[in-house]
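For reference, the structure discussed in these notes is given below.
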Amino acid sequence: MKIVFFSAKPYDREFFESCNKHYDFELEFWETHLGPHIADAIKVGTDAVCVFVNDKLTADVIAILAQKGVKIIALRCAGFNNVDLNAVKQYGIRVCRVPAYSPQAVAEHAVAMLLTLNRKTHKAYNRVREQNFSLSGLMGFNLFDKTVGVIGTGKIGAAFCKIMLGFGCTVLASDPFVNKSLQSGGVKYLPFHEVIKEADIISLHCPLTPENHYLIGSNSLSTMKKGVTLINTSRGGLINTREVIEALKTGQLAALGIDVYEQEEQLFFKDLSGSIIGDDDIQRLISFPNVLLTGHQAFFTQEALTEIAESTLKTVKILLNDNAEEIVSDAILV
């Protein structure tokens with residue numbers, strides 16, 4: 001049984017080949033992303049394609065996959081907003097994902113971004129390397145006793161809440177589904193507009209849906225405390241970048257940490273150090289001293305990559321053997 005991987009990096013090959021010793025699939029790794037430009041190159045007889053966050057599985061691409069005999073689209077991530085689910089239903093292709101892979105990896109990266117922005121350790125590191133031991137401009141604030149707003153309390157959001165409670169923060173949360181365990185542990189659930197109004201720090205941990213596209217924009221930003229810190233390790237489309245830039249300019253946002261970006265498919269996972277980037281918005285963000293931007297690396301831990309590989313190959317094998325009842329339901333989308 002053959003699986004073709006798209007947007008594959010050396011670390012994908014390393015972890016999937018190691019895990020494949022237990023499955024014996026034929027694995028083929030392509031560095032290019034999956035889109036209309038390459039879909040027709042897939043050979044007939046390919047059983048499954050394995051894709052990542054920036055692959056584009058439009059109706060046209062899915063039609064070609066069906067012609068090639070592809071039976072399964074396996075997302076090696078939790079999000080699935082890049083797949084036309086109506087089209088896969090039409091062509092009878094199964095779709096699976098990794099609903100949970102070391103949620104602590106993403107939650108801890110969000111905390112790392114918060115701490116870096118607050119205590120300015122990235123700036124201090126560069127100063128000391130130049131023998132500059134001045135503390136001017138490096139002042140931060142205690143996280144203890146601050147109010148943290150968490151938008152989305154799934155597995156990652158829940159892990160983030162627990163870490164913030166450990167810092168001695170007041171944690172407010174907004175989610176359509178109340179996590180009773182978090183609630184009994186001290187997390188207070190409120191409507192979204194109340195959470196962002198009260199919070200000193202806001203961290204986004206929700207999926208991207210048509211309903212919450214640009215959840216953070218001029219309207220929501222205007223109701224926040226002046227000088228709030230915003231962290232986004234979920235999906236780039238949750239924030240309106242240009243309106244966030246305006247909030248940074250006015251001081252409404254004191255700091256911004258993002259591991260995702262709405263137009264990231266043109267940028268992330270590539271070495272563009274010798275290129276001219278024509279995206280004015282990201283160039284503007286990079287220029288701000290109070291913005292920390294990382295290239296979608298929150299998931300990037302040994303534990304997470306091991307879980308992604310194991311979960312993906314296990315689910316594909318079960319689906320190919322038509323034993324879908326063996327899989328936890330939220331791993332199967334179609």
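Residue numbering restarts at 1 in every chain; chains get A, B, ... in the order shown in the structure tokens, and ligands count up from 1 in that same order.
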
With the cut-off set at 8 Å and counting only C-alpha atoms, tabulate each residue of segment 225-301 of chain A with an atom at most that distance from an atom of segment 188-208 of chain A, showing the nearest atom pair and its distance in Å to one decimal, ordered by chain and increasing number, as a tab-separated table.
```
residue	atom	partner	partner_atom	distance
A:Lys225	CA	A:Lys197	CA	6.2
A:Gly227	CA	A:Asp200	CA	7.7
A:Val228	CA	A:Asp200	CA	5.1
A:Thr229	CA	A:Ile201	CA	4.7
A:Leu230	CA	A:Ile202	CA	4.9
A:Ile231	CA	A:Ser203	CA	4.6
A:Asn232	CA	A:Leu204	CA	5.0
A:Thr233	CA	A:Leu204	CA	6.6
A:Ser234	CA	A:His205	CA	5.3
A:Arg235	CA	A:Leu208	CA	6.1
A:Gly237	CA	A:Leu208	CA	6.7
A:Leu238	CA	A:Leu208	CA	6.4
```

Any chance you could export the current selection's N, CA, C and O atoms as a PDB file, in the first residue's frame?
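Output contents, as saved in result-v5.pdb:
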```
ATOM      1  N   LYS A 225      -8.533  45.904  26.867  1.00  0.00           N
ATOM      2  CA  LYS A 225      -7.748  46.849  27.647  1.00  0.00           C
ATOM      3  C   LYS A 225      -6.629  47.420  26.786  1.00  0.00           C
ATOM      4  O   LYS A 225      -6.047  46.718  25.961  1.00  0.00           O
ATOM      5  N   GLY A 227      -3.022  48.142  25.953  1.00  0.00           N
ATOM      6  CA  GLY A 227      -1.776  47.527  26.383  1.00  0.00           C
ATOM      7  C   GLY A 227      -1.854  46.030  26.588  1.00  0.00           C
ATOM      8  O   GLY A 227      -1.019  45.445  27.281  1.00  0.00           O
ATOM      9  N   VAL A 228      -2.839  45.367  25.981  1.00  0.00           N
ATOM     10  CA  VAL A 228      -2.989  43.926  26.113  1.00  0.00           C
ATOM     11  C   VAL A 228      -1.921  43.205  25.281  1.00  0.00           C
ATOM     12  O   VAL A 228      -1.408  43.737  24.288  1.00  0.00           O
ATOM     13  N   THR A 229      -1.577  41.991  25.700  1.00  0.00           N
ATOM     14  CA  THR A 229      -0.665  41.130  24.942  1.00  0.00           C
ATOM     15  C   THR A 229      -1.495  40.046  24.266  1.00  0.00           C
ATOM     16  O   THR A 229      -2.336  39.403  24.909  1.00  0.00           O
ATOM     17  N   LEU A 230      -1.253  39.825  22.964  1.00  0.00           N
ATOM     18  CA  LEU A 230      -2.020  38.847  22.184  1.00  0.00           C
ATOM     19  C   LEU A 230      -1.087  37.767  21.651  1.00  0.00           C
ATOM     20  O   LEU A 230      -0.041  38.078  21.057  1.00  0.00           O
ATOM     21  N   ILE A 231      -1.469  36.499  21.852  1.00  0.00           N
ATOM     22  CA  ILE A 231      -0.697  35.354  21.371  1.00  0.00           C
ATOM     23  C   ILE A 231      -1.600  34.508  20.474  1.00  0.00           C
ATOM     24  O   ILE A 231      -2.740  34.209  20.840  1.00  0.00           O
ATOM     25  N   ASN A 232      -1.086  34.119  19.310  1.00  0.00           N
ATOM     26  CA  ASN A 232      -1.852  33.251  18.408  1.00  0.00           C
ATOM     27  C   ASN A 232      -0.976  32.107  17.910  1.00  0.00           C
ATOM     28  O   ASN A 232      -0.049  32.315  17.137  1.00  0.00           O
ATOM     29  N   THR A 233      -1.290  30.892  18.377  1.00  0.00           N
ATOM     30  CA  THR A 233      -0.605  29.698  17.892  1.00  0.00           C
ATOM     31  C   THR A 233      -1.597  28.758  17.208  1.00  0.00           C
ATOM     32  O   THR A 233      -1.312  27.572  17.033  1.00  0.00           O
ATOM     33  N   SER A 234      -2.747  29.277  16.794  1.00  0.00           N
ATOM     34  CA  SER A 234      -3.802  28.433  16.221  1.00  0.00           C
ATOM     35  C   SER A 234      -3.822  28.501  14.695  1.00  0.00           C
ATOM     36  O   SER A 234      -3.222  27.670  14.024  1.00  0.00           O
ATOM     37  N   ARG A 235      -4.500  29.499  14.147  1.00  0.00           N
ATOM     38  CA  ARG A 235      -4.590  29.681  12.699  1.00  0.00           C
ATOM     39  C   ARG A 235      -4.482  31.168  12.385  1.00  0.00           C
ATOM     40  O   ARG A 235      -5.058  32.008  13.087  1.00  0.00           O
ATOM     41  N   GLY A 237      -5.785  33.009  10.099  1.00  0.00           N
ATOM     42  CA  GLY A 237      -7.013  33.701   9.725  1.00  0.00           C
ATOM     43  C   GLY A 237      -7.879  34.123  10.884  1.00  0.00           C
ATOM     44  O   GLY A 237      -8.900  34.788  10.687  1.00  0.00           O
ATOM     45  N   LEU A 238      -7.473  33.797  12.108  1.00  0.00           N
ATOM     46  CA  LEU A 238      -8.232  34.254  13.276  1.00  0.00           C
ATOM     47  C   LEU A 238      -8.035  35.740  13.518  1.00  0.00           C
ATOM     48  O   LEU A 238      -8.854  36.368  14.196  1.00  0.00           O
TER      49      LEU A 238
END
```

Strand (DSSP E or B) call set, DSSP backbone run, segment 67-238 of chain A, as number ranges by chain
A: 72-75, 83, 94-96, 147-151, 170-174, 188-189, 201-204, 216, 228-232

Can you check which parts of segment 44-161 of chain A lie within 10 Å of segment 252-259 of chain A? Per residue, the shortest pair of atoms and distance in Å to one decimal, counting only C-alpha atoms, sorted by chain and number, as JSON lines.
```
{"residue": "A:Val106", "atom": "CA", "partner": "A:Asp259", "partner_atom": "CA", "distance": 9.7}
{"residue": "A:His109", "atom": "CA", "partner": "A:Asp259", "partner_atom": "CA", "distance": 8.8}
{"residue": "A:Ala110", "atom": "CA", "partner": "A:Gly257", "partner_atom": "CA", "distance": 8.1}
{"residue": "A:Val111", "atom": "CA", "partner": "A:Gly257", "partner_atom": "CA", "distance": 10.0}
{"residue": "A:Ala112", "atom": "CA", "partner": "A:Gly257", "partner_atom": "CA", "distance": 9.7}
{"residue": "A:Met113", "atom": "CA", "partner": "A:Gly257", "partner_atom": "CA", "distance": 6.0}
{"residue": "A:Leu114", "atom": "CA", "partner": "A:Gly257", "partner_atom": "CA", "distance": 7.0}
{"residue": "A:Thr116", "atom": "CA", "partner": "A:Gly257", "partner_atom": "CA", "distance": 9.1}
{"residue": "A:Leu117", "atom": "CA", "partner": "A:Ala255", "partner_atom": "CA", "distance": 6.8}
{"residue": "A:Asn118", "atom": "CA", "partner": "A:Ala255", "partner_atom": "CA", "distance": 8.1}
```

Put those residues in a file: N, CA, C and O atoms, as a PDB file, in the first residue's frame.
```pdb
ATOM      1  N   VAL A 106       2.254  22.688  21.772  1.00  0.00           N
ATOM      2  CA  VAL A 106       1.749  23.981  21.305  1.00  0.00           C
ATOM      3  C   VAL A 106       1.510  24.925  22.479  1.00  0.00           C
ATOM      4  O   VAL A 106       1.852  26.112  22.422  1.00  0.00           O
ATOM      5  N   HIS A 109       4.758  26.320  23.716  1.00  0.00           N
ATOM      6  CA  HIS A 109       5.322  27.322  22.805  1.00  0.00           C
ATOM      7  C   HIS A 109       4.614  28.668  22.977  1.00  0.00           C
ATOM      8  O   HIS A 109       5.254  29.725  22.938  1.00  0.00           O
ATOM      9  N   ALA A 110       3.298  28.614  23.186  1.00  0.00           N
ATOM     10  CA  ALA A 110       2.553  29.857  23.436  1.00  0.00           C
ATOM     11  C   ALA A 110       3.073  30.547  24.689  1.00  0.00           C
ATOM     12  O   ALA A 110       3.245  31.777  24.721  1.00  0.00           O
ATOM     13  N   VAL A 111       3.348  29.761  25.723  1.00  0.00           N
ATOM     14  CA  VAL A 111       3.897  30.327  26.964  1.00  0.00           C
ATOM     15  C   VAL A 111       5.299  30.883  26.722  1.00  0.00           C
ATOM     16  O   VAL A 111       5.657  31.958  27.220  1.00  0.00           O
ATOM     17  N   ALA A 112       6.089  30.168  25.929  1.00  0.00           N
ATOM     18  CA  ALA A 112       7.440  30.645  25.617  1.00  0.00           C
ATOM     19  C   ALA A 112       7.392  31.984  24.894  1.00  0.00           C
ATOM     20  O   ALA A 112       8.194  32.893  25.182  1.00  0.00           O
ATOM     21  N   MET A 113       6.451  32.133  23.972  1.00  0.00           N
ATOM     22  CA  MET A 113       6.309  33.405  23.257  1.00  0.00           C
ATOM     23  C   MET A 113       5.908  34.521  24.219  1.00  0.00           C
ATOM     24  O   MET A 113       6.433  35.642  24.161  1.00  0.00           O
ATOM     25  N   LEU A 114       4.973  34.203  25.114  1.00  0.00           N
ATOM     26  CA  LEU A 114       4.522  35.188  26.100  1.00  0.00           C
ATOM     27  C   LEU A 114       5.670  35.640  26.991  1.00  0.00           C
ATOM     28  O   LEU A 114       5.881  36.840  27.214  1.00  0.00           O
ATOM     29  N   THR A 116       8.903  35.429  26.417  1.00  0.00           N
ATOM     30  CA  THR A 116       9.920  36.132  25.643  1.00  0.00           C
ATOM     31  C   THR A 116       9.519  37.574  25.393  1.00  0.00           C
ATOM     32  O   THR A 116      10.321  38.507  25.572  1.00  0.00           O
ATOM     33  N   LEU A 117       8.278  37.781  24.980  1.00  0.00           N
ATOM     34  CA  LEU A 117       7.801  39.144  24.733  1.00  0.00           C
ATOM     35  C   LEU A 117       7.804  39.969  26.010  1.00  0.00           C
ATOM     36  O   LEU A 117       8.181  41.151  26.008  1.00  0.00           O
ATOM     37  N   ASN A 118       7.377  39.354  27.104  1.00  0.00           N
ATOM     38  CA  ASN A 118       7.257  40.083  28.361  1.00  0.00           C
ATOM     39  C   ASN A 118       8.624  40.445  28.943  1.00  0.00           C
ATOM     40  O   ASN A 118       8.897  41.609  29.250  1.00  0.00           O
TER      41      ASN A 118
END
```

One decimal, in Å: what's the spacing between atom CA of Ala331 of chain A and atom CA of Ser18 of chain A?
21.8 Å

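Proximity to Ala87 of chain A was assessed for A:Gly69, A:His213, A:Leu57, A:Ala105 counting only C-alpha atoms; the smallest distance is recorded for A:Leu57.
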
Counting only C-alpha atoms, which of A:Ala66, A:Ala8, A:Leu248, A:Ile156 gets nearest to Pro289 of chain A?
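Comparing A:Ala66, A:Ala8, A:Leu248, A:Ile156 against Pro289 of chain A, the winner is A:Leu248.
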